[in-house]
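Source file: model_36.pdb (PDB, C-alpha atoms, pLDDT in the B column)
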ATOM      1  CA  MET R  21     160.146 -10.152  43.277  1.00 73.00           C
ATOM      2  CA  ASP R  22     163.599  -8.711  43.935  1.00 82.00           C
ATOM      3  CA  GLU R  23     163.191  -5.233  42.455  1.00 84.00           C
ATOM      4  CA  LEU R  24     160.808  -2.350  43.060  1.00 88.00           C
ATOM      5  CA  VAL R  25     160.110   0.801  41.127  1.00 90.00           C
ATOM      6  CA  VAL R  26     160.042   3.942  43.262  1.00 92.00           C
ATOM      7  CA  ARG R  27     158.823   7.211  41.802  1.00 96.00           C
ATOM      8  CA  VAL R  28     160.565  10.465  42.676  1.00 98.00           C
ATOM      9  CA  VAL R  29     157.968  13.005  43.874  1.00 98.00           C
ATOM     10  CA  GLY R  30     160.309  15.899  44.647  1.00 98.00           C
ATOM     11  CA  TRP R  31     163.849  17.134  45.201  1.00 98.00           C
ATOM     12  CA  VAL R  32     165.717  18.886  47.973  1.00 98.00           C
ATOM     13  CA  GLU R  33     166.999  22.442  47.500  1.00 98.00           C
ATOM     14  CA  SER R  34     169.608  23.018  50.196  1.00 97.00           C
ATOM     15  CA  GLU R  35     172.828  24.870  50.868  1.00 95.00           C
ATOM     16  CA  LEU R  36     174.345  21.456  51.678  1.00 92.00           C
ATOM     17  CA  ARG R  37     176.270  20.360  48.588  1.00 94.00           C
ATOM     18  CA  GLU R  38     178.813  17.815  49.867  1.00 90.00           C
ATOM     19  CA  ARG R  39     178.458  14.973  52.346  1.00 85.00           C
ATOM     20  CA  ALA R  40     181.238  16.473  54.451  1.00 83.00           C
ATOM     21  CA  ASP R  41     179.074  19.597  54.932  1.00 85.00           C
ATOM     22  CA  ALA R  42     176.028  17.711  56.213  1.00 80.00           C
ATOM     23  CA  PRO R  43     175.421  16.992  59.890  1.00 64.00           C
ATOM     24  CA  ARG R  44     174.905  13.329  60.768  1.00 75.00           C
ATOM     25  CA  GLN R  45     171.306  14.004  61.832  1.00 78.00           C
ATOM     26  CA  GLY R  46     168.940  16.850  61.089  1.00 72.00           C
ATOM     27  CA  ASP R  47     168.756  18.012  64.694  1.00 76.00           C
ATOM     28  CA  GLU R  48     172.544  18.442  64.786  1.00 71.00           C
ATOM     29  CA  GLY R  49     172.628  21.737  62.915  1.00 76.00           C
ATOM     30  CA  ALA R  50     170.991  21.052  59.558  1.00 86.00           C
ATOM     31  CA  PRO R  51     169.810  24.192  57.768  1.00 93.00           C
ATOM     32  CA  ASP R  52     166.288  24.973  56.682  1.00 95.00           C
ATOM     33  CA  ALA R  53     165.713  23.742  53.135  1.00 97.00           C
ATOM     34  CA  TRP R  54     163.090  23.608  50.418  1.00 98.00           C
ATOM     35  CA  VAL R  55     161.531  20.486  49.010  1.00 98.00           C
ATOM     36  CA  VAL R  56     160.281  21.124  45.495  1.00 98.00           C
ATOM     37  CA  PHE R  57     157.571  18.694  44.421  1.00 98.00           C
ATOM     38  CA  ASP R  58     156.638  17.507  40.963  1.00 98.00           C
ATOM     39  CA  GLY R  59     153.359  18.912  39.665  1.00 98.00           C
ATOM     40  CA  SER R  60     151.956  15.409  39.339  1.00 98.00           C
ATOM     41  CA  VAL R  61     151.629  15.222  43.164  1.00 98.00           C
ATOM     42  CA  ARG R  62     150.022  18.647  43.669  1.00 98.00           C
ATOM     43  CA  ASP R  63     146.845  17.128  45.130  1.00 98.00           C
ATOM     44  CA  ALA R  64     148.877  15.054  47.602  1.00 98.00           C
ATOM     45  CA  LEU R  65     150.267  18.313  49.064  1.00 97.00           C
ATOM     46  CA  ALA R  66     146.821  19.862  49.548  1.00 95.00           C
ATOM     47  CA  ASP R  67     146.655  19.503  53.333  1.00 96.00           C
ATOM     48  CA  LEU R  68     150.277  20.171  54.323  1.00 97.00           C
ATOM     49  CA  ALA R  69     150.579  23.319  56.405  1.00 98.00           C
ATOM     50  CA  ALA R  70     153.137  25.265  58.392  1.00 98.00           C
ATOM     51  CA  GLY R  71     153.636  23.621  61.766  1.00 98.00           C
ATOM     52  CA  ASP R  72     153.032  20.055  60.549  1.00 97.00           C
ATOM     53  CA  GLU R  73     155.620  17.480  61.583  1.00 97.00           C
ATOM     54  CA  VAL R  74     156.355  15.031  58.789  1.00 98.00           C
ATOM     55  CA  ILE R  75     158.791  12.305  57.852  1.00 97.00           C
ATOM     56  CA  LEU R  76     160.415  12.899  54.480  1.00 98.00           C
ATOM     57  CA  VAL R  77     161.543   9.689  52.820  1.00 98.00           C
ATOM     58  CA  SER R  78     164.500  10.335  50.544  1.00 97.00           C
ATOM     59  CA  TRP R  79     166.676   8.264  48.248  1.00 97.00           C
ATOM     60  CA  PHE R  80     170.344   8.837  49.046  1.00 95.00           C
ATOM     61  CA  ASP R  81     171.404   8.871  45.412  1.00 95.00           C
ATOM     62  CA  ARG R  82     175.090   9.385  46.253  1.00 95.00           C
ATOM     63  CA  ALA R  83     175.266   6.477  48.713  1.00 94.00           C
ATOM     64  CA  ASP R  84     177.508   3.443  48.315  1.00 94.00           C
ATOM     65  CA  ARG R  85     175.041   0.555  48.020  1.00 95.00           C
ATOM     66  CA  SER R  86     177.746  -2.088  48.525  1.00 96.00           C
ATOM     67  CA  VAL R  87     178.439  -1.051  52.141  1.00 94.00           C
ATOM     68  CA  GLN R  88     177.179  -3.483  54.776  1.00 96.00           C
ATOM     69  CA  LYS R  89     179.233  -2.459  57.835  1.00 96.00           C
ATOM     70  CA  VAL R  90     180.358   0.945  59.076  1.00 93.00           C
ATOM     71  CA  HIS R  91     182.002   2.476  62.109  1.00 94.00           C
ATOM     72  CA  PRO R  92     179.017   4.233  63.747  1.00 88.00           C
ATOM     73  CA  ARG R  93     179.109   7.998  63.202  1.00 86.00           C
ATOM     74  CA  GLY R  94     182.392   7.551  61.283  1.00 83.00           C
ATOM     75  CA  ASP R  95     184.261   6.941  64.549  1.00 87.00           C
ATOM     76  CA  ALA R  96     187.030   4.411  63.862  1.00 91.00           C
ATOM     77  CA  SER R  97     187.351   3.734  67.606  1.00 94.00           C
ATOM     78  CA  ARG R  98     183.897   2.120  67.509  1.00 93.00           C
ATOM     79  CA  PRO R  99     183.613  -1.440  66.185  1.00 94.00           C
ATOM     80  CA  PRO R 100     182.256  -2.067  62.683  1.00 94.00           C
ATOM     81  CA  THR R 101     178.496  -2.426  62.853  1.00 94.00           C
ATOM     82  CA  GLY R 102     175.974  -3.761  60.327  1.00 95.00           C
ATOM     83  CA  VAL R 103     174.275  -0.862  58.565  1.00 95.00           C
ATOM     84  CA  PHE R 104     170.818  -2.127  59.519  1.00 95.00           C
ATOM     85  CA  SER R 105     171.727  -1.160  63.102  1.00 94.00           C
ATOM     86  CA  THR R 106     172.852   2.345  62.084  1.00 92.00           C
ATOM     87  CA  ARG R 107     171.536   5.437  60.303  1.00 88.00           C
ATOM     88  CA  SER R 108     174.367   5.376  57.739  1.00 92.00           C
ATOM     89  CA  PRO R 109     173.377   6.688  54.293  1.00 91.00           C
ATOM     90  CA  ASP R 110     175.552   3.958  52.749  1.00 92.00           C
ATOM     91  CA  ARG R 111     173.458   0.770  52.647  1.00 93.00           C
ATOM     92  CA  PRO R 112     171.941  -1.686  50.150  1.00 95.00           C
ATOM     93  CA  ASN R 113     168.751   0.398  49.744  1.00 94.00           C
ATOM     94  CA  PRO R 114     169.695   3.950  50.696  1.00 95.00           C
ATOM     95  CA  LEU R 115     166.410   5.321  51.987  1.00 96.00           C
ATOM     96  CA  GLY R 116     166.692   8.344  54.238  1.00 95.00           C
ATOM     97  CA  LEU R 117     164.179   9.205  56.965  1.00 96.00           C
ATOM     98  CA  HIS R 118     164.025  12.851  57.992  1.00 96.00           C
ATOM     99  CA  ARG R 119     161.749  14.145  60.746  1.00 96.00           C
ATOM    100  CA  VAL R 120     161.119  17.787  59.902  1.00 97.00           C
ATOM    101  CA  THR R 121     158.652  20.554  60.631  1.00 97.00           C
ATOM    102  CA  VAL R 122     156.950  22.325  57.757  1.00 98.00           C
ATOM    103  CA  LEU R 123     157.787  26.036  57.940  1.00 98.00           C
ATOM    104  CA  ALA R 124     155.942  27.212  54.830  1.00 98.00           C
ATOM    105  CA  VAL R 125     154.043  25.886  51.840  1.00 98.00           C
ATOM    106  CA  GLU R 126     154.246  27.884  48.605  1.00 98.00           C
ATOM    107  CA  GLY R 127     152.570  25.962  45.815  1.00 97.00           C
ATOM    108  CA  LEU R 128     154.823  23.012  45.008  1.00 98.00           C
ATOM    109  CA  ARG R 129     157.576  24.278  47.323  1.00 98.00           C
ATOM    110  CA  VAL R 130     157.647  23.261  50.975  1.00 98.00           C
ATOM    111  CA  ARG R 131     160.125  24.868  53.406  1.00 98.00           C
ATOM    112  CA  VAL R 132     161.255  22.567  56.233  1.00 98.00           C
ATOM    113  CA  ASN R 133     163.726  22.656  59.106  1.00 97.00           C
ATOM    114  CA  ASN R 134     166.337  20.103  60.219  1.00 95.00           C
ATOM    115  CA  LEU R 135     166.877  18.539  56.790  1.00 96.00           C
ATOM    116  CA  GLU R 136     170.364  17.064  56.495  1.00 93.00           C
ATOM    117  CA  ALA R 137     169.855  15.791  52.925  1.00 95.00           C
ATOM    118  CA  LEU R 138     172.092  17.196  50.202  1.00 95.00           C
ATOM    119  CA  ASP R 139     170.959  19.558  47.466  1.00 97.00           C
ATOM    120  CA  GLY R 140     169.335  17.540  44.683  1.00 97.00           C
ATOM    121  CA  THR R 141     168.461  14.536  46.855  1.00 97.00           C
ATOM    122  CA  PRO R 142     165.316  12.856  45.509  1.00 98.00           C
ATOM    123  CA  ILE R 143     162.262  12.670  47.773  1.00 98.00           C
ATOM    124  CA  VAL R 144     160.116   9.558  47.358  1.00 98.00           C
ATOM    125  CA  ASP R 145     157.408  10.061  50.003  1.00 98.00           C
ATOM    126  CA  VAL R 146     156.068  12.190  52.842  1.00 98.00           C
ATOM    127  CA  LYS R 147     154.359  10.757  55.928  1.00 97.00           C
ATOM    128  CA  PRO R 148     152.827  12.554  58.906  1.00 96.00           C
ATOM    129  CA  VAL R 149     154.394  12.073  62.317  1.00 96.00           C
ATOM    130  CA  LEU R 150     151.834  10.171  64.344  1.00 90.00           C
ATOM    131  CA  GLY R 151     150.724  11.678  67.609  1.00 80.00           C
ATOM    132  CA  ASP R 152     148.998   9.941  70.484  1.00 76.00           C
ATOM    133  CA  VAL R 153     146.630   7.126  69.468  1.00 77.00           C
ATOM    134  CA  THR R 154     143.664   9.159  70.728  1.00 78.00           C
ATOM    135  CA  ASP R 155     144.484  11.925  68.227  1.00 72.00           C
ATOM    136  CA  ARG R 156     144.385   9.692  65.135  1.00 63.00           C
TER     137      ARG R 156
END
In structure tokens, how does this file's structure come out?
Amino acid sequence: MDELVVRVVGWVESELRERADAPRQGDEGAPDAWVVFDGSVRDALADLAAGDEVILVSWFDRADRSVQKVHPRGDASRPPTGVFSTRSPDRPNPLGLHRVTVLAVEGLRVRVNNLEALDGTPIVDVKPVLGDVTDR
């Protein structure tokens, strides 16, 4: 098997429209944003609540999938590095991982902080941030 089918479960609504406007990481000044989920995953959202820390898994739909090496953080003074050793959005399978805190849940809309994804970015999954092993 060399191909997978991934289902989009939601989309980002953000003031970030262009890559140049987005911080490199969410904790570097990303604005609060909404994630709007498809009605088909309503039951999957049932237990999300304000204060929850989650990992949003996105599909960087505007990424260059042919890129295999980048200058880390776009700094040409740094040597080219294989993308699997970086957080570059440009990569063969452009999955984004975003650690965010849920600020509000309003039906199919979830407000989060620290989301550096661009407006319209597809969301493909949500995972809880794991705490200490004794809390699981």
Can you give me, as a short mmCIF file (atom, residue, chain, number, x, y, z; two decimals) with C-alpha atoms, in the frame of the given file, the residues this file yields under the PyMOL selection byres ((chain R and resi 37) around 10)?
data_model
loop_
_atom_site.label_atom_id
_atom_site.label_comp_id
_atom_site.auth_asym_id
_atom_site.auth_seq_id
_atom_site.Cartn_x
_atom_site.Cartn_y
_atom_site.Cartn_z
CA GLU R 33 167.00 22.44 47.50
CA SER R 34 169.61 23.02 50.20
CA GLU R 35 172.83 24.87 50.87
CA LEU R 36 174.34 21.46 51.68
CA GLU R 38 178.81 17.82 49.87
CA ARG R 39 178.46 14.97 52.35
CA ALA R 40 181.24 16.47 54.45
CA ASP R 41 179.07 19.60 54.93
CA ALA R 42 176.03 17.71 56.21
CA ALA R 137 169.86 15.79 52.92
CA LEU R 138 172.09 17.20 50.20
CA ASP R 139 170.96 19.56 47.47
CA GLY R 140 169.34 17.54 44.68
CA THR R 141 168.46 14.54 46.86
#
On this file, the PyMOL selection byres ((chain R and resi 69) around 8) gives some set of residues; write that set as a count of residues only. 9
Let me make sure I understand: among R:Gly59, R:Asp155, R:Val130, R:Arg107, which one has the smallest atom-to-atom distance to R:Arg93 if we use only C-alpha atoms? R:Arg107
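Close contacts of R:Val61, defined as residues with an atom at most 10 Å away when counting only C-alpha atoms, with chain neighbours fewer than 5 positions off set aside, comprise Val29, Gly30, Ala66 and Leu128 of chain R.
Separating atom CA of R:Ala64 from atom CA of R:Asp145 is a distance of 10.2 Å.
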Just the number, please: distance in Å from atom CA of R:Pro148 to atom CA of R:Leu76, one decimal.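 The value is 8.8 Å.
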Just the number, please: distance in Å from atom CA of R:Val149 to atom CA of R:Glu48, one decimal. 19.4 Å
Counting all atoms listed in the file, which residues sit no farther than 8 Å from the position (175.2, 9.6, 49.8) in the file's frame? I'd like them as a PyMOL selection string. chain R and resi 39+80-84+109-110+114
For the provided coordinates, the residues matched by the PyMOL selection byres ((chain R and resi 27) around 10) should be stated as a list in words. Leu24, Val25, Val26, Val28, Val29, Gly30, Pro142, Ile143, Val144 and Asp145 of chain R
Go ahead and write the residues just picked, C-alpha atoms, as a CSV table (one decimal), in the frame of the given file.
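Okay, this is what ended up in out_2.csv:
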chain,number,residue,atom,x,y,z
R,24,LEU,CA,160.8,-2.4,43.1
R,25,VAL,CA,160.1,0.8,41.1
R,26,VAL,CA,160.0,3.9,43.3
R,28,VAL,CA,160.6,10.5,42.7
R,29,VAL,CA,158.0,13.0,43.9
R,30,GLY,CA,160.3,15.9,44.6
R,142,PRO,CA,165.3,12.9,45.5
R,143,ILE,CA,162.3,12.7,47.8
R,144,VAL,CA,160.1,9.6,47.4
R,145,ASP,CA,157.4,10.1,50.0
Need to verify the contact set: R:Ser86, 7 Å, only C-alpha atoms, exclusion of same-chain residues closer than 2 positions in sequence. Can you return it as a PyMOL selection string? chain R and resi 84+88+111-112
Using only C-alpha atoms, can you tell me which of R:Arg119, R:Gly94, R:Val32, R:Gly102 comes closest to R:Arg44? R:Gly94
List the spatial neighbours of R:Glu136 as a list in words - criterion: any atom at most 7 Å away, all atoms listed in the file, same-chain residues fewer than 6 positions off excluded.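 Close residues of R:Glu136: Ala42, Pro43, Gln45, Gly46 and Ala50 of chain R.
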Using all atoms listed in the file, find the one residue out of R:Val132, R:Leu115, R:Val153, R:Val103 that sits nearest to R:Val56.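 Comparing R:Val132, R:Leu115, R:Val153, R:Val103 against R:Val56, the winner is R:Val132.
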As AutoDock Vina command-line options, what would the box around stretch 117-122 of chain R look like: edges along x, y and z, 5 Å added on every side, centre and edge lengths in Å to one decimal?
--center_x 160.6 --center_y 15.8 --center_z 58.9 --size_x 17.2 --size_y 23.1 --size_z 13.8
